[in-house]
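J.: Below is the file structure.txt, with compact mmCIF, C-alpha atoms.
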```txt
# COMPACT_ATOMS: atom_id res chain seq x y z
CA MET A 1 54.37 26.56 -37.16
CA ASN A 2 53.01 23.24 -35.93
CA SER A 3 52.10 20.69 -38.55
CA ILE A 4 48.64 19.18 -38.42
CA ILE A 5 49.98 15.88 -37.06
CA ASP A 6 51.70 17.72 -34.19
CA ILE A 7 48.41 19.39 -33.29
CA ILE A 8 46.48 16.11 -33.53
CA ILE A 9 48.92 14.38 -31.20
CA LYS A 10 49.07 17.34 -28.83
CA ARG A 11 45.28 17.56 -28.28
CA ARG A 12 44.13 16.30 -24.89
CA SER A 13 40.82 16.12 -23.06
CA ILE A 14 41.27 18.87 -20.49
CA ARG A 15 39.54 18.61 -17.12
CA HIS A 16 41.25 21.40 -15.15
CA TYR A 17 40.70 24.97 -16.35
CA LYS A 18 41.89 28.43 -15.41
CA GLN A 19 39.07 30.83 -14.59
CA GLU A 20 39.82 33.09 -17.52
CA ASP A 21 37.24 33.67 -20.23
CA ILE A 22 38.11 32.88 -23.81
CA PRO A 23 37.68 35.99 -25.99
CA LYS A 24 34.49 35.88 -28.02
CA ASP A 25 36.40 36.39 -31.28
CA LEU A 26 38.37 33.25 -30.59
CA LEU A 27 35.21 31.29 -29.77
CA LEU A 28 33.78 32.42 -33.10
CA GLU A 29 36.96 31.32 -34.87
CA LEU A 30 36.55 27.89 -33.30
CA VAL A 31 32.98 27.71 -34.57
CA LYS A 32 34.20 28.73 -38.02
CA ALA A 33 36.66 25.83 -38.02
CA ALA A 34 33.80 23.53 -37.00
CA THR A 35 31.60 24.69 -39.87
CA TRP A 36 34.29 23.70 -42.38
CA ALA A 37 34.11 20.05 -41.39
CA PRO A 38 32.90 17.56 -44.00
CA SER A 39 29.13 17.34 -44.10
CA ALA A 40 27.14 14.57 -45.79
CA SER A 41 25.31 16.01 -48.81
CA ASN A 42 26.48 19.34 -47.43
CA MET A 43 23.45 19.20 -45.11
CA GLN A 44 25.15 21.20 -42.32
CA ALA A 45 22.41 20.19 -39.93
CA TRP A 46 24.27 21.67 -36.99
CA TYR A 47 24.05 24.64 -34.66
CA PHE A 48 26.64 25.91 -32.20
CA ILE A 49 25.54 27.56 -28.98
CA ILE A 50 28.36 29.55 -27.40
CA VAL A 51 27.81 29.77 -23.66
CA ASN A 52 29.64 32.52 -21.80
CA ASP A 53 26.93 33.57 -19.31
CA LYS A 54 28.00 32.13 -15.94
CA LYS A 55 24.41 31.64 -14.81
CA VAL A 56 23.60 29.56 -17.87
CA LEU A 57 26.89 27.72 -17.52
CA ASN A 58 26.16 26.88 -13.87
CA LYS A 59 22.78 25.48 -14.76
CA ILE A 60 24.23 23.42 -17.61
CA SER A 61 26.87 22.13 -15.21
CA SER A 62 24.24 20.94 -12.72
CA PHE A 63 22.74 18.65 -15.36
CA SER A 64 26.00 17.58 -17.03
CA PRO A 65 27.96 15.15 -14.87
CA GLY A 66 30.56 14.84 -17.60
CA LEU A 67 31.34 18.55 -17.55
CA LEU A 68 34.39 18.59 -15.32
CA GLY A 69 37.02 21.07 -14.25
CA ASN A 70 34.81 24.16 -14.13
CA PRO A 71 35.41 25.46 -17.68
CA PRO A 72 34.78 29.20 -18.22
CA ASN A 73 33.05 28.57 -21.56
CA VAL A 74 31.32 25.80 -23.43
CA ILE A 75 30.04 25.38 -26.95
CA VAL A 76 27.02 23.13 -27.26
CA ILE A 77 26.87 21.47 -30.68
CA CYS A 78 23.31 20.69 -31.68
CA SER A 79 21.75 18.72 -34.50
CA ASP A 80 18.74 19.77 -36.54
CA ARG A 81 17.17 16.39 -37.24
CA ASN A 82 14.46 17.90 -39.49
CA LYS A 83 17.03 19.49 -41.75
CA ALA A 84 19.08 16.27 -41.72
CA PHE A 85 16.02 14.21 -42.71
CA ASN A 86 14.94 16.60 -45.44
CA LYS A 87 18.38 16.53 -47.04
CA GLY A 88 19.68 13.08 -46.09
CA GLY A 89 16.64 10.93 -45.39
CA LYS A 90 16.58 8.43 -42.54
CA LEU A 91 20.33 7.79 -42.80
CA GLY A 92 20.97 11.52 -42.69
CA ARG A 93 18.78 12.00 -39.62
CA ASP A 94 19.90 8.95 -37.64
CA GLU A 95 23.58 8.68 -38.49
CA LEU A 96 25.13 11.15 -40.90
CA CYS A 97 24.32 14.32 -38.99
CA LEU A 98 25.95 12.84 -35.89
CA MET A 99 29.06 11.92 -37.87
CA ASP A 100 29.15 15.47 -39.24
CA ILE A 101 28.92 16.88 -35.73
CA SER A 102 31.74 14.63 -34.54
CA MET A 103 33.98 15.85 -37.35
CA ALA A 104 33.00 19.46 -36.66
CA ALA A 105 33.88 18.97 -32.99
CA GLU A 106 37.31 17.61 -33.92
CA ASN A 107 38.00 20.61 -36.17
CA LEU A 108 37.02 22.92 -33.32
CA MET A 109 39.18 21.10 -30.80
CA LEU A 110 42.21 20.98 -33.09
CA LEU A 111 42.10 24.70 -33.76
CA ALA A 112 41.69 25.29 -30.02
CA THR A 113 44.81 23.17 -29.39
CA GLU A 114 46.75 25.23 -31.91
CA LYS A 115 45.65 28.40 -30.08
CA GLY A 116 46.71 27.04 -26.68
CA VAL A 117 43.13 26.50 -25.59
CA GLY A 118 42.01 23.29 -23.90
CA THR A 119 38.82 21.41 -24.72
CA CYS A 120 36.94 18.27 -23.82
CA ALA A 121 34.08 16.67 -25.74
CA ILE A 122 31.26 15.66 -23.41
CA LYS A 123 28.26 13.45 -23.97
CA SER A 124 27.37 12.84 -20.30
CA PHE A 125 24.56 15.34 -19.89
CA ASN A 126 20.80 15.25 -19.71
CA GLY A 127 19.60 16.22 -23.17
CA LYS A 128 16.13 17.32 -22.08
CA ALA A 129 17.50 19.59 -19.37
CA ILE A 130 20.06 21.16 -21.72
CA GLN A 131 17.34 21.66 -24.33
CA LYS A 132 15.25 23.57 -21.78
CA ILE A 133 18.17 25.64 -20.45
CA LEU A 134 19.18 26.75 -23.96
CA GLU A 135 15.56 27.17 -25.06
CA LEU A 136 16.13 24.97 -28.09
CA PRO A 137 13.20 24.24 -30.40
CA ASP A 138 11.91 20.63 -30.39
CA TYR A 139 13.67 19.68 -33.60
CA VAL A 140 17.09 20.83 -32.33
CA SER A 141 18.92 18.45 -29.97
CA PRO A 142 22.11 19.02 -28.00
CA GLU A 143 24.56 16.35 -29.14
CA LEU A 144 27.92 17.33 -27.68
CA ILE A 145 29.13 19.85 -25.16
CA ILE A 146 32.66 21.07 -25.74
CA SER A 147 34.23 22.52 -22.61
CA ILE A 148 36.65 25.32 -23.47
CA GLY A 149 39.24 27.18 -21.45
CA TYR A 150 42.89 27.68 -20.81
CA PRO A 151 44.30 24.49 -19.28
CA MET A 152 45.39 24.65 -15.65
CA LYS A 153 48.08 22.07 -16.37
CA GLU A 154 49.25 19.85 -19.19
CA ALA A 155 47.44 16.55 -19.42
CA LYS A 156 49.42 13.36 -19.81
CA PRO A 157 48.89 11.45 -23.05
CA PRO A 158 46.71 8.37 -22.70
CA LYS A 159 47.85 4.97 -23.91
CA ARG A 160 47.11 4.45 -27.58
CA LYS A 161 47.14 1.27 -29.62
CA THR A 162 49.85 1.19 -32.26
CA VAL A 163 49.07 1.58 -35.95
CA GLU A 164 50.07 -2.06 -36.45
CA GLU A 165 47.57 -3.21 -33.81
CA VAL A 166 44.61 -1.53 -35.48
CA SER A 167 45.44 -1.75 -39.19
CA PHE A 168 45.22 -4.39 -41.84
CA GLU A 169 46.27 -4.30 -45.44
CA ASN A 170 43.73 -5.09 -48.13
CA ARG A 171 41.81 -7.62 -46.04
CA TRP A 172 40.91 -8.40 -42.45
CA GLY A 173 43.71 -10.19 -40.62
CA GLU A 174 46.44 -9.24 -43.10
CA ARG A 175 48.93 -7.46 -40.85
CA ILE A 176 50.91 -4.55 -42.18
CA MET B 1 26.03 26.24 2.10
CA ASN B 2 22.65 27.37 0.83
CA GLU B 3 19.63 25.69 -0.66
CA GLN B 4 20.93 26.26 -4.20
CA ASP B 5 24.12 24.31 -3.43
CA ILE B 6 21.96 21.38 -2.37
CA MET B 7 19.73 21.73 -5.46
CA LYS B 8 22.81 21.63 -7.69
CA LEU B 9 24.20 18.59 -5.94
CA PHE B 10 20.85 16.79 -6.16
CA SER B 11 20.58 17.70 -9.86
CA TYR B 12 24.05 16.26 -10.40
CA ILE B 13 23.11 13.06 -8.55
CA ALA B 14 19.78 12.60 -10.35
CA THR B 15 21.34 13.31 -13.77
CA SER B 16 24.12 10.85 -12.97
CA ALA B 17 21.58 8.22 -11.91
CA ARG B 18 19.77 8.61 -15.24
CA GLY B 19 23.02 8.67 -17.18
CA CYS B 20 24.30 5.49 -15.54
CA ILE B 21 21.54 3.47 -17.23
CA ASP B 22 23.06 4.08 -20.67
CA GLU B 23 26.65 5.11 -19.98
CA PRO B 24 29.78 2.97 -19.55
CA LYS B 25 29.61 1.05 -16.27
CA ILE B 26 32.74 2.63 -14.84
CA TYR B 27 31.18 6.11 -15.05
CA GLY B 28 28.88 5.09 -12.19
CA SER B 29 31.87 4.48 -9.91
CA PHE B 30 33.43 7.73 -11.06
CA ARG B 31 30.26 9.71 -10.32
CA LEU B 32 30.06 8.27 -6.80
CA VAL B 33 33.59 9.35 -5.85
CA GLU B 34 32.98 12.68 -7.58
CA ILE B 35 29.94 13.14 -5.34
CA MET B 36 32.10 12.31 -2.29
CA SER B 37 34.45 15.09 -3.35
CA LYS B 38 31.69 17.61 -4.06
CA LEU B 39 30.02 16.90 -0.74
CA PHE B 40 33.28 17.11 1.19
CA TRP B 41 34.25 20.49 -0.28
CA MET B 42 30.75 21.80 0.30
CA LEU B 43 30.89 20.79 3.96
CA LYS B 44 34.46 22.02 4.39
CA SER B 45 33.81 25.45 2.91
CA ASN B 46 31.03 25.82 5.47
CA ASN B 47 33.20 24.64 8.37
CA LEU B 48 31.03 21.61 8.88
CA ILE B 49 33.88 19.16 8.63
CA ALA B 50 37.53 19.40 9.64
CA ASN B 51 39.27 16.08 9.42
CA ASP B 52 42.76 16.14 7.93
CA LYS B 53 42.81 12.43 7.22
CA LEU B 54 39.55 12.63 5.30
CA ASN B 55 40.86 15.73 3.53
CA ARG B 56 43.86 13.71 2.37
CA ILE B 57 41.57 10.95 1.06
CA ILE B 58 39.55 13.47 -0.92
CA ASP B 59 42.75 15.07 -2.25
CA LYS B 60 43.80 11.64 -3.43
CA ILE B 61 40.45 11.13 -5.16
CA ASP B 62 40.62 14.55 -6.84
CA GLU B 63 44.16 13.95 -8.01
CA LYS B 64 43.62 10.49 -9.45
CA LYS B 65 39.92 10.16 -10.31
CA TYR B 66 40.30 10.95 -14.03
CA VAL B 67 42.44 7.88 -14.47
CA CYS B 68 39.12 5.99 -14.78
CA VAL B 69 38.92 6.87 -18.49
CA LYS B 70 42.57 6.04 -19.14
CA ASP B 71 43.40 3.06 -16.98
CA GLU B 72 40.55 1.11 -15.40
CA LYS B 73 42.90 -1.08 -13.36
CA GLU B 74 44.53 1.95 -11.74
CA PHE B 75 41.12 3.44 -11.00
CA ILE B 76 40.01 0.23 -9.28
CA GLY B 77 43.25 0.40 -7.27
CA LEU B 78 42.35 3.94 -6.22
CA LEU B 79 38.89 2.83 -5.06
CA ASP B 80 40.42 -0.03 -3.04
CA GLU B 81 42.88 2.38 -1.44
CA VAL B 82 40.11 4.84 -0.56
CA ILE B 83 38.10 2.08 1.09
CA ASP B 84 41.16 0.99 3.11
CA ASP B 85 41.78 4.60 4.16
CA LEU B 86 38.15 5.10 5.15
CA PHE B 87 38.13 1.83 7.09
CA GLU B 88 40.69 3.37 9.43
CA LEU B 89 38.47 6.38 10.04
CA VAL B 90 35.19 4.67 10.77
CA ASP B 91 34.57 3.65 14.41
```
When written as structure tokens, how does the structure in this file appear?

T.:
Amino acid sequence: MNSIIDIIIKRRSIRHYKQEDIPKDLLLELVKAATWAPSASNMQAWYFIIVNDKKVLNKISSFSPGLLGNPPNVIVICSDRNKAFNKGGKLGRDELCLMDISMAAENLMLLATEKGVGTCAIKSFNGKAIQKILELPDYVSPELIISIGYPMKEAKPPKRKTVEEVSFENRWGERI
Amino acid sequence: MNEQDIMKLFSYIATSARGCIDEPKIYGSFRLVEIMSKLFWMLKSNNLIANDKLNRIIDKIDEKKYVCVKDEKEFIGLLDEVIDDLFELVD
């Protein structure tokens, strides 16, 4: 069994997919992992739209320049800003719900990696168009599209800064 | 190639144009070469273009374009190479 650090390091942003649908049960498992992410004040101001209808997917793709590699499925993670405001006030609506969604997305992508499924988190899309395509109510906004599919090939790891480069001990400038 | 293919390409271009106002600058360059690729494959699949040298340029773009998010310098090198290659093809 892979340890969590192995999975974290193994995850890549995949931009070449096989044209093979991901089973719906697995997509639901991924959403379950997402819903167990930390959530400020437990507001859970998120919704997950699983897209497996090719017609809907094609239309999303036309208005999402960041959606690359022709993925067979996507999950659109949406925020409910009303719910976030009611539970978390202005901070909840403007910042915390987006942080929650980011953490949910990471959970989803890590489980996908463990299952041999590739993902990529995408923000380059036209929100208004996606809102119309998915028939979202006004108070629900698409925040992230996660492309999902079996990777066509392994992606090379990108360069990362070392821990020493990005960490300090106790105070700014105090190198570890 | 049908009208829907054109509509999709135009939607992609317009969405990219809007996105470029707020997105990282380098995405604009990426979108432009991505559009070159989309247009080429659309024309090729309809037998409207058959130039092996251009095909090789597009293959190069498709193979290396994602480097833009990993290594900006390498991506700029790719763009310079593509321009040099195209220079040879234009009368």

J.: Mind checking which residues fall within 9 Å of A:Gln131, counting all atoms listed in the file, ignoring those fewer than 5 positions away in the same chain, and posting them as a tab-separated table (two decimals) with C-alpha atoms, in the frame of the given file?

T.:
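Generated file (around.tsv):
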```tsv
chain	number	residue	atom	x	y	z
A	126	ASN	CA	20.80	15.25	-19.71
A	136	LEU	CA	16.13	24.97	-28.09
A	137	PRO	CA	13.20	24.24	-30.40
A	138	ASP	CA	11.91	20.63	-30.39
A	140	VAL	CA	17.09	20.83	-32.33
A	141	SER	CA	18.92	18.45	-29.97
A	142	PRO	CA	22.11	19.02	-28.00
```

J.: Using all atoms listed in the file, determine which residues of chain A fall within 6 Å of chain B; present them as a PyMOL selection string.

T.: chain A and resi 62-63+158

J.: Can you work out the spacing between atom CA of A:Leu26 and atom CA of A:Leu110 in Å, to one decimal?

T.: 13.1 Å

J.: With all atoms listed in the file as the atoms that count, which of A:Arg160, A:Lys123, A:Lys54, A:Arg171 lies nearest to B:Pro24?

T.: A:Lys123

J.: Determine, counting all atoms listed in the file, which protein, DNA and RNA residues have an atom within 10 Å of an atom of A:Leu111; residues of the same chain fewer than 4 positions away are not included. Present the result as a VMD selection string.

T.: chain A and resid 4 7 to 8 11 26 29 to 34 106 to 107 115 to 118

J.: Next, the residues of the selection above should be written as a PDB file, in the frame of the given file with C-alpha atoms.

T.:
```
ATOM      1  CA  ILE A   4      48.640  19.180 -38.420  1.00  0.00           C
ATOM      2  CA  ILE A   7      48.410  19.390 -33.290  1.00  0.00           C
ATOM      3  CA  ILE A   8      46.480  16.110 -33.530  1.00  0.00           C
ATOM      4  CA  ARG A  11      45.280  17.560 -28.280  1.00  0.00           C
ATOM      5  CA  LEU A  26      38.370  33.250 -30.590  1.00  0.00           C
ATOM      6  CA  GLU A  29      36.960  31.320 -34.870  1.00  0.00           C
ATOM      7  CA  LEU A  30      36.550  27.890 -33.300  1.00  0.00           C
ATOM      8  CA  VAL A  31      32.980  27.710 -34.570  1.00  0.00           C
ATOM      9  CA  LYS A  32      34.200  28.730 -38.020  1.00  0.00           C
ATOM     10  CA  ALA A  33      36.660  25.830 -38.020  1.00  0.00           C
ATOM     11  CA  ALA A  34      33.800  23.530 -37.000  1.00  0.00           C
ATOM     12  CA  GLU A 106      37.310  17.610 -33.920  1.00  0.00           C
ATOM     13  CA  ASN A 107      38.000  20.610 -36.170  1.00  0.00           C
ATOM     14  CA  LYS A 115      45.650  28.400 -30.080  1.00  0.00           C
ATOM     15  CA  GLY A 116      46.710  27.040 -26.680  1.00  0.00           C
ATOM     16  CA  VAL A 117      43.130  26.500 -25.590  1.00  0.00           C
ATOM     17  CA  GLY A 118      42.010  23.290 -23.900  1.00  0.00           C
TER      18      GLY A 118
END
```

J.: Smallest atom-to-atom distance to A:Ala45: which of A:Ser64, A:Ser13, A:Gln19, A:Asn86, using only C-alpha atoms?

T.: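 For A:Ala45, the nearest of the given residues is A:Asn86.
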
J.: Between atom CA of A:Ser79 and atom CA of A:Cys97, what is the distance, to one decimal in Å?

T.: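 Between these atoms lies a distance of 6.8 Å.
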
J.: With only C-alpha atoms as the atoms that count, which of B:Ile26, B:Lys38, B:Cys68, B:Leu54 lies nearest to B:Glu88?

T.: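 Of all the options, B:Leu54 lies closest to B:Glu88.
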
J.: Given only C-alpha atoms as the basis, pick out the residue of A:Lys132, A:Lys83, A:Lys153, A:Lys55 nearest to A:His16.

T.: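 Closest to A:His16, using only C-alpha atoms: A:Lys153.
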
J.: Counting only C-alpha atoms, which of A:Pro65, A:Pro38, A:Asn52, A:Tyr17 gets nearest to B:Leu32?

T.: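 Counting only C-alpha atoms, the residue closest to B:Leu32 is A:Pro65.
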
J.: Between atom CA of A:Ile77 and atom CA of A:Ala37, what distance in Å does the model show, to one decimal?

T.: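 Going from atom CA of A:Ile77 over to atom CA of A:Ala37, I get 13.0 Å.
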